[in-house]
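Engineer: The structure file run_25.pdb (PDB, C-alpha atoms) is provided below.
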```
ATOM      1  CA  MET A   1      98.700 117.293  85.242
ATOM      2  CA  SER A   2      99.689 114.657  82.778
ATOM      3  CA  ASP A   3      96.111 113.456  82.280
ATOM      4  CA  GLY A   4      95.018 116.809  80.932
ATOM      5  CA  THR A   5      92.727 117.642  83.867
ATOM      6  CA  SER A   6      93.463 119.976  86.721
ATOM      7  CA  HIS A   7      90.884 119.052  89.360
ATOM      8  CA  SER A   8      90.934 116.947  92.459
ATOM      9  CA  HIS A   9      87.921 114.656  92.614
ATOM     10  CA  SER A  10      86.173 114.234  95.943
ATOM     11  CA  ARG A  11      83.467 111.595  95.655
ATOM     12  CA  LYS A  12      82.133 112.565  99.064
ATOM     13  CA  GLN A  13      81.665 116.126  97.846
ATOM     14  CA  TYR A  14      79.851 114.891  94.726
ATOM     15  CA  TRP A  15      77.380 112.894  96.828
ATOM     16  CA  ILE A  16      76.800 115.897  99.109
ATOM     17  CA  ILE A  17      75.999 118.063  96.060
ATOM     18  CA  PHE A  18      73.708 115.329  94.769
ATOM     19  CA  GLY A  19      71.874 115.330  98.126
ATOM     20  CA  LEU A  20      71.553 119.120  98.051
ATOM     21  CA  LEU A  21      70.196 119.047  94.496
ATOM     22  CA  PHE A  22      67.634 116.434  95.530
ATOM     23  CA  VAL A  23      66.529 118.440  98.582
ATOM     24  CA  LEU A  24      66.294 121.671  96.568
ATOM     25  CA  THR A  25      64.217 119.922  93.879
ATOM     26  CA  VAL A  26      61.795 118.598  96.499
ATOM     27  CA  ALA A  27      61.627 122.099  98.016
ATOM     28  CA  GLU A  28      60.859 123.579  94.595
ATOM     29  CA  VAL A  29      58.017 121.161  93.898
ATOM     30  CA  ALA A  30      56.577 121.716  97.384
ATOM     31  CA  LEU A  31      56.844 125.485  97.028
ATOM     32  CA  ALA A  32      55.131 125.418  93.617
ATOM     33  CA  GLN A  33      52.082 123.773  95.205
ATOM     34  CA  THR A  34      51.635 126.320  97.988
ATOM     35  CA  ALA A  35      49.139 129.166  97.740
ATOM     36  CA  MET A  36      51.315 132.224  98.275
ATOM     37  CA  ALA A  37      51.527 135.568  96.490
ATOM     38  CA  LYS A  38      52.653 135.105  92.877
ATOM     39  CA  SER A  39      55.638 137.449  93.186
ATOM     40  CA  LEU A  40      56.914 135.645  96.279
ATOM     41  CA  LEU A  41      56.375 132.276  94.643
ATOM     42  CA  VAL A  42      58.223 133.246  91.457
ATOM     43  CA  GLY A  43      61.061 134.834  93.470
ATOM     44  CA  GLY A  44      61.444 131.730  95.613
ATOM     45  CA  LEU A  45      61.368 129.325  92.673
ATOM     46  CA  VAL A  46      63.872 131.374  90.668
ATOM     47  CA  ALA A  47      66.199 131.579  93.688
ATOM     48  CA  LEU A  48      66.041 127.793  94.203
ATOM     49  CA  ALA A  49      66.636 127.125  90.492
ATOM     50  CA  LEU A  50      69.618 129.487  90.386
ATOM     51  CA  ALA A  51      71.037 127.844  93.524
ATOM     52  CA  LYS A  52      70.784 124.415  91.863
ATOM     53  CA  ALA A  53      72.303 125.645  88.596
ATOM     54  CA  THR A  54      75.165 127.272  90.495
ATOM     55  CA  LEU A  55      75.894 124.035  92.385
ATOM     56  CA  VAL A  56      76.076 122.101  89.110
ATOM     57  CA  ALA A  57      78.348 124.707  87.491
ATOM     58  CA  LEU A  58      80.692 125.100  90.468
ATOM     59  CA  PHE A  59      81.074 121.499  91.556
ATOM     60  CA  PHE A  60      80.086 119.141  88.734
ATOM     61  CA  MET A  61      81.526 121.365  85.985
ATOM     62  CA  HIS A  62      84.432 122.244  88.309
ATOM     63  CA  LEU A  63      84.210 125.992  87.769
ATOM     64  CA  LYS A  64      85.022 126.416  91.462
ATOM     65  CA  THR A  65      88.564 125.175  90.871
ATOM     66  CA  GLU A  66      89.106 126.878  87.509
ATOM     67  CA  MET A  67      91.263 129.964  87.027
ATOM     68  CA  LYS A  68      89.639 133.341  87.635
ATOM     69  CA  ALA A  69      89.734 134.242  83.919
ATOM     70  CA  LEU A  70      87.644 131.199  82.956
ATOM     71  CA  LYS A  71      85.159 131.850  85.766
ATOM     72  CA  LEU A  72      84.703 135.447  84.591
ATOM     73  CA  THR A  73      84.471 134.346  80.940
ATOM     74  CA  VAL A  74      81.579 132.063  81.864
ATOM     75  CA  PHE A  75      79.686 134.148  84.421
ATOM     76  CA  LEU A  76      79.998 137.769  83.192
ATOM     77  CA  PRO A  77      78.098 137.382  79.886
ATOM     78  CA  PHE A  78      74.984 136.333  81.813
ATOM     79  CA  ILE A  79      74.580 139.840  83.203
ATOM     80  CA  PHE A  80      73.021 140.942  79.903
ATOM     81  CA  PRO A  81      70.407 138.181  79.496
ATOM     82  CA  ALA A  82      69.471 138.750  83.144
ATOM     83  CA  LEU A  83      68.937 142.463  82.469
ATOM     84  CA  TYR A  84      66.967 141.726  79.275
ATOM     85  CA  ALA A  85      64.811 139.244  81.164
ATOM     86  CA  PHE A  86      64.041 141.634  83.977
ATOM     87  CA  PHE A  87      63.239 144.706  81.863
ATOM     88  CA  LEU A  88      61.531 143.060  78.868
ATOM     89  CA  ILE A  89      59.275 140.780  80.891
ATOM     90  CA  TRP A  90      58.421 143.630  83.239
ATOM     91  CA  GLU A  91      57.704 145.904  80.249
ATOM     92  CA  ALA A  92      55.448 143.281  78.629
ATOM     93  CA  GLY A  93      53.537 142.920  81.884
ATOM     94  CA  VAL A  94      53.099 146.673  82.324
ATOM     95  CA  ARG A  95      52.091 147.236  78.683
ATOM     96  CA  HIS A  96      49.339 144.633  78.816
ATOM     97  CA  ALA A  97      48.144 145.359  82.365
TER      98      ALA A  97
ATOM     99  CA  MET B  25     102.200 132.814  68.010
ATOM    100  CA  SER B  26     102.535 131.991  71.677
ATOM    101  CA  SER B  27     104.532 128.983  72.778
ATOM    102  CA  ALA B  28     101.305 127.370  73.944
ATOM    103  CA  ALA B  29      99.702 127.783  70.526
ATOM    104  CA  ALA B  30     102.863 126.485  68.899
ATOM    105  CA  VAL B  31     102.689 123.319  70.988
ATOM    106  CA  ALA B  32      99.021 122.913  70.097
ATOM    107  CA  GLY B  33      99.846 123.268  66.414
ATOM    108  CA  GLU B  34     102.725 120.835  66.679
ATOM    109  CA  HIS B  35     100.454 118.225  68.227
ATOM    110  CA  ALA B  36      97.488 118.843  65.938
ATOM    111  CA  GLY B  37      96.498 115.832  63.889
ATOM    112  CA  HIS B  38      98.042 113.270  66.191
ATOM    113  CA  GLY B  39      95.392 110.655  66.991
ATOM    114  CA  GLY B  40      95.329 108.175  69.833
ATOM    115  CA  GLY B  41      92.946 110.084  72.091
ATOM    116  CA  HIS B  42      95.589 111.829  74.152
ATOM    117  CA  ALA B  43      95.018 115.402  75.292
ATOM    118  CA  HIS B  44      97.260 118.098  73.934
ATOM    119  CA  VAL B  45      98.549 119.280  77.275
ATOM    120  CA  LEU B  46      99.811 122.805  76.963
ATOM    121  CA  PRO B  47     102.213 124.600  79.277
ATOM    122  CA  PRO B  48     100.224 126.310  82.070
ATOM    123  CA  ASP B  49      98.758 129.571  80.797
ATOM    124  CA  GLU B  50      98.860 132.728  82.886
ATOM    125  CA  LEU B  51      95.101 133.270  82.584
ATOM    126  CA  PHE B  52      93.580 129.860  81.901
ATOM    127  CA  GLY B  53      95.921 127.558  83.808
ATOM    128  CA  GLU B  54      96.002 123.992  82.502
ATOM    129  CA  ALA B  55      92.710 124.139  80.589
ATOM    130  CA  THR B  56      93.160 122.383  77.240
ATOM    131  CA  PRO B  57      92.072 123.955  73.917
ATOM    132  CA  GLY B  58      89.330 121.332  73.669
ATOM    133  CA  LYS B  59      87.957 122.274  77.059
ATOM    134  CA  LEU B  60      88.017 126.000  76.294
ATOM    135  CA  GLY B  61      86.315 125.255  72.973
ATOM    136  CA  MET B  62      83.567 123.351  74.761
ATOM    137  CA  TRP B  63      83.068 126.218  77.200
ATOM    138  CA  ILE B  64      82.721 128.685  74.304
ATOM    139  CA  PHE B  65      80.201 126.388  72.631
ATOM    140  CA  LEU B  66      78.254 126.000  75.878
ATOM    141  CA  LEU B  67      78.096 129.774  76.303
ATOM    142  CA  SER B  68      76.654 130.209  72.815
ATOM    143  CA  ASP B  69      74.207 127.374  73.480
ATOM    144  CA  ALA B  70      73.221 128.931  76.799
ATOM    145  CA  PHE B  71      72.254 132.101  74.960
ATOM    146  CA  SER B  72      70.080 130.064  72.583
ATOM    147  CA  PHE B  73      68.198 128.694  75.570
ATOM    148  CA  GLY B  74      68.237 132.177  77.093
ATOM    149  CA  GLY B  75      66.534 133.541  73.964
ATOM    150  CA  LEU B  76      63.825 130.870  74.133
ATOM    151  CA  LEU B  77      63.180 131.433  77.840
ATOM    152  CA  LEU B  78      63.169 135.183  77.298
ATOM    153  CA  ALA B  79      60.592 134.862  74.502
ATOM    154  CA  TYR B  80      58.525 132.642  76.787
ATOM    155  CA  GLY B  81      58.736 135.208  79.602
ATOM    156  CA  ILE B  82      57.762 138.139  77.360
ATOM    157  CA  LEU B  83      54.825 136.267  75.803
ATOM    158  CA  ARG B  84      53.619 135.086  79.182
ATOM    159  CA  GLY B  85      54.164 138.476  80.818
ATOM    160  CA  GLY B  86      52.023 140.140  78.161
ATOM    161  CA  ALA B  87      49.275 137.511  77.943
ATOM    162  CA  GLN B  88      45.787 138.233  79.239
ATOM    163  CA  ILE B  89      45.090 134.511  79.508
ATOM    164  CA  TRP B  90      48.136 132.273  79.387
ATOM    165  CA  HIS B  91      46.743 128.848  80.099
ATOM    166  CA  HIS B  92      43.253 127.952  78.926
ATOM    167  CA  VAL B  93      41.771 125.781  81.651
ATOM    168  CA  LYS B  94      38.239 125.022  82.783
ATOM    169  CA  ASP B  95      36.655 127.691  84.910
ATOM    170  CA  GLN B  96      33.729 127.607  87.361
ATOM    171  CA  ALA B  97      31.243 127.810  84.511
ATOM    172  CA  GLY B  98      32.707 124.720  82.829
ATOM    173  CA  TRP B  99      35.253 124.126  80.084
ATOM    174  CA  THR B 100      36.514 127.042  78.031
ATOM    175  CA  MET B 101      36.480 126.799  74.251
ATOM    176  CA  GLU B 102      40.101 125.734  73.967
ATOM    177  CA  THR B 103      40.966 123.826  77.088
ATOM    178  CA  GLU B 104      44.606 122.845  77.452
ATOM    179  CA  PRO B 105      45.969 120.236  79.858
ATOM    180  CA  THR B 106      47.981 121.153  82.923
ATOM    181  CA  LEU B 107      51.606 120.001  82.828
ATOM    182  CA  GLY B 108      52.398 117.079  85.096
ATOM    183  CA  ILE B 109      54.740 118.449  87.739
ATOM    184  CA  ASN B 110      55.342 115.227  89.680
ATOM    185  CA  PHE B 111      56.258 113.183  86.611
ATOM    186  CA  THR B 112      58.594 115.897  85.345
ATOM    187  CA  ALA B 113      60.121 116.272  88.812
ATOM    188  CA  GLY B 114      60.983 112.576  88.454
ATOM    189  CA  LEU B 115      62.655 113.313  85.113
ATOM    190  CA  THR B 116      64.551 116.164  86.777
ATOM    191  CA  PHE B 117      65.766 113.793  89.482
ATOM    192  CA  LEU B 118      66.794 111.324  86.765
ATOM    193  CA  LEU B 119      68.953 113.975  85.067
ATOM    194  CA  ILE B 120      70.508 114.930  88.417
ATOM    195  CA  CYS B 121      71.348 111.240  88.972
ATOM    196  CA  SER B 122      72.911 111.095  85.516
ATOM    197  CA  SER B 123      74.997 114.168  86.358
ATOM    198  CA  VAL B 124      76.361 112.307  89.384
ATOM    199  CA  THR B 125      77.188 109.215  87.319
ATOM    200  CA  MET B 126      78.911 111.475  84.776
ATOM    201  CA  VAL B 127      81.041 113.222  87.377
ATOM    202  CA  MET B 128      81.987 109.776  88.714
ATOM    203  CA  ALA B 129      83.040 108.795  85.181
ATOM    204  CA  VAL B 130      85.205 111.931  85.009
ATOM    205  CA  ALA B 131      86.768 111.111  88.394
ATOM    206  CA  SER B 132      87.392 107.490  87.391
ATOM    207  CA  SER B 133      89.017 108.485  84.119
ATOM    208  CA  ALA B 134      91.269 110.986  85.950
ATOM    209  CA  GLU B 135      92.350 108.065  88.136
ATOM    210  CA  LYS B 136      92.934 106.009  84.972
ATOM    211  CA  ASN B 137      90.360 103.432  86.047
ATOM    212  CA  ARG B 138      88.983 102.431  82.660
ATOM    213  CA  LYS B 139      86.593  99.751  83.917
ATOM    214  CA  ALA B 140      84.867 102.140  86.345
ATOM    215  CA  THR B 141      84.768 104.865  83.670
ATOM    216  CA  ILE B 142      82.950 102.490  81.314
ATOM    217  CA  VAL B 143      80.385 101.523  83.984
ATOM    218  CA  TRP B 144      79.664 105.145  84.964
ATOM    219  CA  LEU B 145      79.402 106.242  81.310
ATOM    220  CA  ALA B 146      76.993 103.389  80.571
ATOM    221  CA  LEU B 147      74.821 104.408  83.539
ATOM    222  CA  THR B 148      74.839 108.017  82.340
ATOM    223  CA  ALA B 149      73.757 106.964  78.855
ATOM    224  CA  LEU B 150      70.979 104.902  80.430
ATOM    225  CA  GLY B 151      69.840 107.994  82.338
ATOM    226  CA  GLY B 152      69.756 109.983  79.100
ATOM    227  CA  ALA B 153      67.781 107.262  77.305
ATOM    228  CA  LEU B 154      65.263 107.024  80.152
ATOM    229  CA  PHE B 155      64.819 110.797  80.129
ATOM    230  CA  LEU B 156      64.075 110.696  76.399
ATOM    231  CA  GLY B 157      61.583 107.869  76.989
ATOM    232  CA  GLY B 158      59.957 109.995  79.684
ATOM    233  CA  GLN B 159      59.722 112.967  77.361
ATOM    234  CA  TYR B 160      58.168 110.788  74.659
ATOM    235  CA  LYS B 161      55.618 109.547  77.209
ATOM    236  CA  GLU B 162      54.850 113.104  78.241
ATOM    237  CA  TYR B 163      54.277 114.225  74.632
ATOM    238  CA  PHE B 164      52.635 111.194  73.017
ATOM    239  CA  GLY B 165      51.686 108.831  75.836
ATOM    240  CA  LEU B 166      53.016 105.378  76.645
ATOM    241  CA  PHE B 167      51.764 102.345  78.584
ATOM    242  CA  GLY B 168      48.152 103.484  78.488
ATOM    243  CA  SER B 169      48.687 107.183  79.220
ATOM    244  CA  GLU B 170      47.398 109.632  76.612
ATOM    245  CA  GLY B 171      50.122 112.240  76.398
ATOM    246  CA  LEU B 172      49.849 116.014  76.101
ATOM    247  CA  VAL B 173      49.213 116.069  72.337
ATOM    248  CA  LYS B 174      46.096 113.874  72.602
ATOM    249  CA  GLU B 175      44.968 115.799  75.659
ATOM    250  CA  GLY B 176      44.861 118.996  73.620
ATOM    251  CA  LEU B 177      48.220 120.683  73.984
ATOM    252  CA  VAL B 178      48.934 121.205  70.297
ATOM    253  CA  PHE B 179      51.868 123.091  68.797
ATOM    254  CA  GLY B 180      50.672 126.256  67.077
ATOM    255  CA  HIS B 181      47.349 126.469  68.903
ATOM    256  CA  SER B 182      48.556 128.852  71.600
ATOM    257  CA  ALA B 183      51.684 130.602  72.829
ATOM    258  CA  TYR B 184      51.481 128.357  75.911
ATOM    259  CA  ALA B 185      51.668 125.206  73.774
ATOM    260  CA  SER B 186      54.221 126.493  71.275
ATOM    261  CA  THR B 187      56.700 127.838  73.825
ATOM    262  CA  PHE B 188      56.364 124.591  75.784
ATOM    263  CA  TYR B 189      57.137 122.362  72.785
ATOM    264  CA  VAL B 190      59.893 124.552  71.318
ATOM    265  CA  THR B 191      61.773 124.876  74.597
ATOM    266  CA  THR B 192      61.408 121.307  75.866
ATOM    267  CA  SER B 193      62.064 119.695  72.480
ATOM    268  CA  PHE B 194      65.161 121.874  71.963
ATOM    269  CA  HIS B 195      66.374 120.556  75.302
ATOM    270  CA  GLY B 196      65.347 117.015  74.307
ATOM    271  CA  ALA B 197      67.492 117.362  71.187
ATOM    272  CA  HIS B 198      70.405 118.152  73.481
ATOM    273  CA  VAL B 199      69.704 115.063  75.596
ATOM    274  CA  LEU B 200      69.594 112.954  72.431
ATOM    275  CA  THR B 201      72.847 114.471  71.159
ATOM    276  CA  GLY B 202      74.439 114.028  74.581
ATOM    277  CA  THR B 203      73.368 110.393  74.830
ATOM    278  CA  ILE B 204      74.834 109.647  71.393
ATOM    279  CA  TYR B 205      78.007 111.552  72.368
ATOM    280  CA  ILE B 206      78.252 109.447  75.562
ATOM    281  CA  LEU B 207      77.731 106.183  73.671
ATOM    282  CA  VAL B 208      80.406 107.067  71.107
ATOM    283  CA  THR B 209      82.811 108.016  73.916
ATOM    284  CA  LEU B 210      81.880 104.840  75.792
ATOM    285  CA  PHE B 211      82.838 102.647  72.825
ATOM    286  CA  ARG B 212      86.024 104.628  72.282
ATOM    287  CA  THR B 213      86.864 104.187  75.979
ATOM    288  CA  MET B 214      86.288 100.437  75.678
ATOM    289  CA  MET B 215      88.821 100.447  72.851
ATOM    290  CA  GLY B 216      91.255 102.465  74.986
ATOM    291  CA  LYS B 217      91.106 105.498  72.717
ATOM    292  CA  THR B 218      90.056 108.166  75.221
ATOM    293  CA  ASP B 219      91.790 110.013  78.030
ATOM    294  CA  ALA B 220      90.666 112.012  81.061
ATOM    295  CA  ASN B 221      90.551 115.270  79.127
ATOM    296  CA  GLU B 222      88.107 113.845  76.607
ATOM    297  CA  ILE B 223      85.833 112.481  79.335
ATOM    298  CA  GLU B 224      85.970 115.822  81.161
ATOM    299  CA  ILE B 225      84.899 117.684  77.994
ATOM    300  CA  LEU B 226      82.016 115.219  77.531
ATOM    301  CA  GLY B 227      81.128 115.792  81.182
ATOM    302  CA  LEU B 228      80.908 119.550  80.624
ATOM    303  CA  PHE B 229      78.341 119.038  77.871
ATOM    304  CA  TRP B 230      76.255 116.606  79.911
ATOM    305  CA  HIS B 231      76.244 118.765  83.046
ATOM    306  CA  PHE B 232      75.185 121.713  80.896
ATOM    307  CA  VAL B 233      72.207 119.683  79.665
ATOM    308  CA  ASP B 234      71.300 119.020  83.310
ATOM    309  CA  LEU B 235      71.818 122.659  84.291
ATOM    310  CA  VAL B 236      69.577 123.923  81.498
ATOM    311  CA  TRP B 237      66.846 121.450  82.443
ATOM    312  CA  ILE B 238      66.907 122.776  86.019
ATOM    313  CA  LEU B 239      65.982 126.195  84.610
ATOM    314  CA  VAL B 240      63.502 124.875  82.023
ATOM    315  CA  PHE B 241      61.746 122.790  84.672
ATOM    316  CA  THR B 242      61.385 125.815  86.950
ATOM    317  CA  PHE B 243      60.245 128.345  84.365
ATOM    318  CA  ILE B 244      58.037 126.151  82.170
ATOM    319  CA  TYR B 245      56.552 123.741  84.706
ATOM    320  CA  LEU B 246      56.674 125.355  88.146
ATOM    321  CA  VAL B 247      56.297 129.123  87.763
TER     322      VAL B 247
END
```
For this file, produce the structure as structure tokens.
Structural biologist:
Amino acid sequence: MSDGTSHSHSRKQYWIIFGLLFVLTVAEVALAQTAMAKSLLVGGLVALALAKATLVALFFMHLKTEMKALKLTVFLPFIFPALYAFFLIWEAGVRHA
Amino acid sequence: MSSAAAVAGEHAGHGGGHAHVLPPDELFGEATPGKLGMWIFLLSDAFSFGGLLLAYGILRGGAQIWHHVKDQAGWTMETEPTLGINFTAGLTFLLICSSVTMVMAVASSAEKNRKATIVWLALTALGGALFLGGQYKEYFGLFGSEGLVKEGLVFGHSAYASTFYVTTSFHGAHVLTGTIYILVTLFRTMMGKTDANEIEILGLFWHFVDLVWILVFTFIYLV
């Protein structure tokens, strides 16, 4: 494209994503104030946060319409921090239990 | 040197705010060098935040007592305030709103609507400034509220306090940088010196700031 961008812009879609982000944020805050098992609570909150982050990356940052190589360049490196997070935090918890 | 790189080199140094549009690349399509550069920067920045959140998780996972609060017998020796979830949820909503105004600015600039681009950028900058005001209020108090520092959440006194301030202030520095970046781009747009590519690259940075806050809000305030 002559303007240097390669995305179509759907305002309707942007408002839908905005609505979803709002609903997910309200759900997060409500969930955080419930008295459920800690592991379930943390799992639910992390899932909601990752869903929100993914919506922002795919639709607002337009990763959804980028080429496969750029998508992989962005997403693949996060495998390692995710593994570090899981094993190191688990290890710290076990060591001090 | 590829033909794409040759074109980039040929155009390097030409001002006027016009994107160096390269021939479509087999792997990266029509992404400009500036946009790829911003993505690389954002990845490195994401790992900085990842390191902070990881340190927070390890310290918290290994702590016998993470948050010193009053117990049934009364106040503990070093009582620390509880973070205000509702107020920060409001700040989160504010950043989400500013992400919408930013994506509208990107759409307007792609449609070459300069007036709308200016309005949306100004609203986004306002969102950033309000967020910073909110963070100041949270730390130091404003309009009669005391703020976390006066309430006893002091940097260096506990891992809870230190990880909170390091992570949220690092993010605050990004909001400040982003707001300045938006204001500079806003003035350049008013002078007709920007194009859609430049606004899109700015948008990537601002959405990243929003995305990181979504994670910081969850891990630091909610979990």
Engineer: From the set B:Phe167, B:Leu246, B:Leu154, B:Thr203, which residue has the shortest atom-to-atom contact distance to Leu118 in chain B, counting all atoms listed in the file?
Structural biologist: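 Of B:Phe167, B:Leu246, B:Leu154, B:Thr203, the one nearest Leu118 in chain B is B:Leu154, counting all atoms listed in the file.
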Engineer: Here is a test: counting only C-alpha atoms, which residue of A:Ser8, A:Phe22, A:Ile17, A:Thr34 is nearest to Thr116 in chain B?
Structural biologist: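 Checking each candidate against Thr116 in chain B, we get A:Phe22 as the closest.
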Engineer: Exactly which residues make up the result of the PyMOL selection byres ((chain A and resi 66-72) around 9) on this file, given as a ChimeraX atom specification?
Structural biologist: /A:6-7,62-65,73-77 /B:51-55,60,63
Engineer: From the list A:Leu40, A:Leu58, A:Ala35, A:Tyr14, which residue is nearest chain B when using all atoms listed in the file?
Structural biologist: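 Going through A:Leu40, A:Leu58, A:Ala35, A:Tyr14 one by one, the smallest distance to chain B is for A:Tyr14.
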Engineer: Do you know which residues the PyMOL selection byres ((chain A) within 7 of (chain B)) returns on this file, as a list in words?
Structural biologist: Asp3, Gly4, Thr5, Ser6, His9, Tyr14, Phe18, Phe22, Ala32, Val42, Leu45, Ala49, Ala53, Val56, Phe60, Met61, Met67, Ala69, Leu70, Val74, Pro81, Ala85, Leu88, Ile89, Ala92, Gly93 and His96 of chain A
Engineer: Rounded to one decimal, what separation in Å do you get between CA of Ser186 in chain B and CA of Val94 in chain A?
Structural biologist: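 Taking CA of Ser186 in chain B as the start and CA of Val94 in chain A as the end point, the length is 23.0 Å.
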Engineer: What does the distance between CA of Val23 in chain A and CA of Gly202 in chain B come to in Å, to one decimal place?
Structural biologist: 25.7 Å
Engineer: Taking only C-alpha atoms into account, name the residue in B:Ala129, B:Leu107, B:Ala197, B:Leu166 that is nearest to Thr148 in chain B.
Structural biologist: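 Of the candidates, the smallest distance to Thr148 in chain B is held by B:Ala129.
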Engineer: For Phe194 in chain B, which residue among B:Gly176, B:Gln159, B:Ile142, B:Leu207 is the nearest when counting all atoms listed in the file?
Structural biologist: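 So, comparing all the options, the nearest one is B:Gln159.
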Engineer: Could you tell me how far CA of Met62 in chain B sits from CA of Pro47 in chain B, in Å to one decimal place?
Structural biologist: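 According to the coordinates, CA of Pro47 in chain B and CA of Met62 in chain B are separated by 19.2 Å.
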Engineer: Quick one: apply the PyMOL selection byres ((chain B and resi 153) around 12) to the file and drop the selected residues here as a list of chain:residue names.
Structural biologist: B:Leu115, B:Leu118, B:Leu119, B:Ser122, B:Ala146, B:Leu147, B:Thr148, B:Ala149, B:Leu150, B:Gly151, B:Gly152, B:Leu154, B:Phe155, B:Leu156, B:Gly157, B:Gly158, B:Gln159, B:Tyr160, B:Gly196, B:Ala197, B:His198, B:Val199, B:Leu200, B:Thr201, B:Gly202, B:Thr203, B:Ile204, B:Ile206, B:Leu207
